[in-house]
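K.L.:
Have a look at this one before I ask anything.
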Amino acid sequence: MPRKTTSKAETNLVTLDIEFDDPQLLGELFGQYDRNIVTIEDRLGVYIAARGQRLKIEGQEEAANQARDVLAGIYNRLENGQEIDGGAVEAIITMVADPRVAKIANPNLKSSQIDVSQAPKVMIKTRKKTIFPRSVRQAHYMEALARDDLIFALGPAGTGKTYLAVAQAVSQLVSGSVDRLILSRPAVEAGEKIGFLPGDMKEKVDPFLRPLYDALYDTLPAEQVERRIESGEIEIAPIAFMRGRTLADAFVILDEAQNTTPAQMKMFLTRFGMNSRMVVCGDPKQVDLPAHATSGLADAVSKLQDVDKVSMVEFGAADVVRHPLVGKIVEAYEGKDAGG
């Protein structure tokens, strides 16, 4: 565990020291070319200097305290064998500044006692990696994925809606909790006409389903993905292929659900079978249906939001875990749309 000491404040600035026990973890803590340190400095407006196993942080008191907690959070994750990349660093910075982290760790904690390294305690284990939440809302979403039978995940791209759902589905498939994994999405072109597509039905629809394949290959070895697809344990198909079926003992995910019609959404939701779980993912602000057409996602949310045992998890720009610029782009577009 890191050992923390604090010095006196000078004018409007403070200097904090944090010392780490294991020097072998410092390379990963700093990141390649000190990338993690630079990110913390840029995001929080502090200066960090390293001397051996001790880091000195200079900055405004709140920012310096946050930087210290971020460094402690990164170090503790490394101690626990977790991988740290740029996205994880950005997520820890966001979580340190969010008082809701305390409520996940311990509802009785005061905000001054938040330790981001200890919260949240949810994870998804797959054959290739163990996945931890990168935002507070992701933590709530992962809890819902493990608990509830029907979950609506709403929000912009890059918030982990589909990726985490696929990871949870893979985890349950591997553990034997479900017999099948079914991934679906509407084959709707995103604001452009791509014309005639050659090949058989699979070759025609696969381009629309590529993001689902990407998530699968990131959580299962390639040979297992291919073998399970061949055996029918994993099925990836357009939503039209779901008609007339009852999906029992299955984990079913509908991606890009904002591009369904109300009739398609009703058809999909009523495929529910015994021992099944459904996750519906989509961004209500990115509808690619013809003008004036009603989105099945918006229609379902309005009808089901007060139904017991149906979870609604809504992500925002602050939950984007891609490049930090993506979150700013989402905020800019949302602000422009709100302003007319």
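To be explicit about the labels: the chains of the structure tokens are called A, B, and onward in the order shown, and within each one the residues are counted from 1, while ligands get numbers from 1 in the order they are shown.
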Segment 62-65 of chain A: which residues within 8 Å, counting only C-alpha atoms, same-chain residues fewer than 5 positions away excluded, as a VMD selection string?
P.N.:
chain A and resid 14 to 16 44 to 46 57
K.L.:
My list of candidates is A:Val313, A:Ala293, A:Val170, A:Ala165. Which is closest to Leu254 of chain A when distances are computed with only C-alpha atoms?
P.N.:
A:Ala165
K.L.:
Set the distance at 12 Å and use only C-alpha atoms: which residues neighbour Ala318 of chain A once local chain neighbours fewer than 6 positions away are removed? I'd like the list as a list of chain:residue names.
P.N.:
A:Glu90, A:Ala91, A:Ile93, A:Thr94, A:Met95, A:Ala97, A:Asp98, A:Arg134, A:Ser135, A:Val136, A:Arg137, A:Gln138, A:Gly155, A:Pro156, A:Ala157, A:Gly158, A:Thr159, A:Pro324, A:Leu325, A:Val326, A:Gly327, A:Lys328, A:Ile329, A:Val330, A:Glu331
K.L.:
Just the residues within 7 Å of segment 142-148 of chain A, please, counting only C-alpha atoms, with nothing from its chain fewer than 4 positions along; format it as a ChimeraX atom specification.
P.N.:
/A:122,138,168,309,311
K.L.:
Write to file, as a PDB file, in the first residue's frame, the residues of the selection just made, with N, CA and C atoms.
P.N.:
ATOM      1  N   VAL A 122     -17.060  -4.587  -8.287  1.00  0.00           N
ATOM      2  CA  VAL A 122     -17.694  -5.445  -9.283  1.00  0.00           C
ATOM      3  C   VAL A 122     -16.710  -5.698 -10.411  1.00  0.00           C
ATOM      4  N   GLN A 138     -20.822   2.781 -14.982  1.00  0.00           N
ATOM      5  CA  GLN A 138     -20.482   1.434 -15.443  1.00  0.00           C
ATOM      6  C   GLN A 138     -20.583   0.427 -14.304  1.00  0.00           C
ATOM      7  N   GLN A 168     -20.382  -9.843 -20.037  1.00  0.00           N
ATOM      8  CA  GLN A 168     -21.202 -10.558 -19.052  1.00  0.00           C
ATOM      9  C   GLN A 168     -21.822 -11.807 -19.672  1.00  0.00           C
ATOM     10  N   LYS A 309     -38.617  -5.056 -11.980  1.00  0.00           N
ATOM     11  CA  LYS A 309     -37.584  -5.973 -12.464  1.00  0.00           C
ATOM     12  C   LYS A 309     -37.076  -5.632 -13.866  1.00  0.00           C
ATOM     13  N   SER A 311     -34.509  -2.912 -15.476  1.00  0.00           N
ATOM     14  CA  SER A 311     -33.511  -1.905 -15.108  1.00  0.00           C
ATOM     15  C   SER A 311     -33.259  -0.960 -16.273  1.00  0.00           C
TER      16      SER A 311
END
K.L.:
Check the smallest atom-to-atom distance from each of A:Ala237, A:Leu183, A:Ala50, A:Leu150 to Ala300 of chain A using only C-alpha atoms, then report the winner.
P.N.:
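The shortest atom-to-atom distance to Ala300 of chain A comes from A:Leu150.
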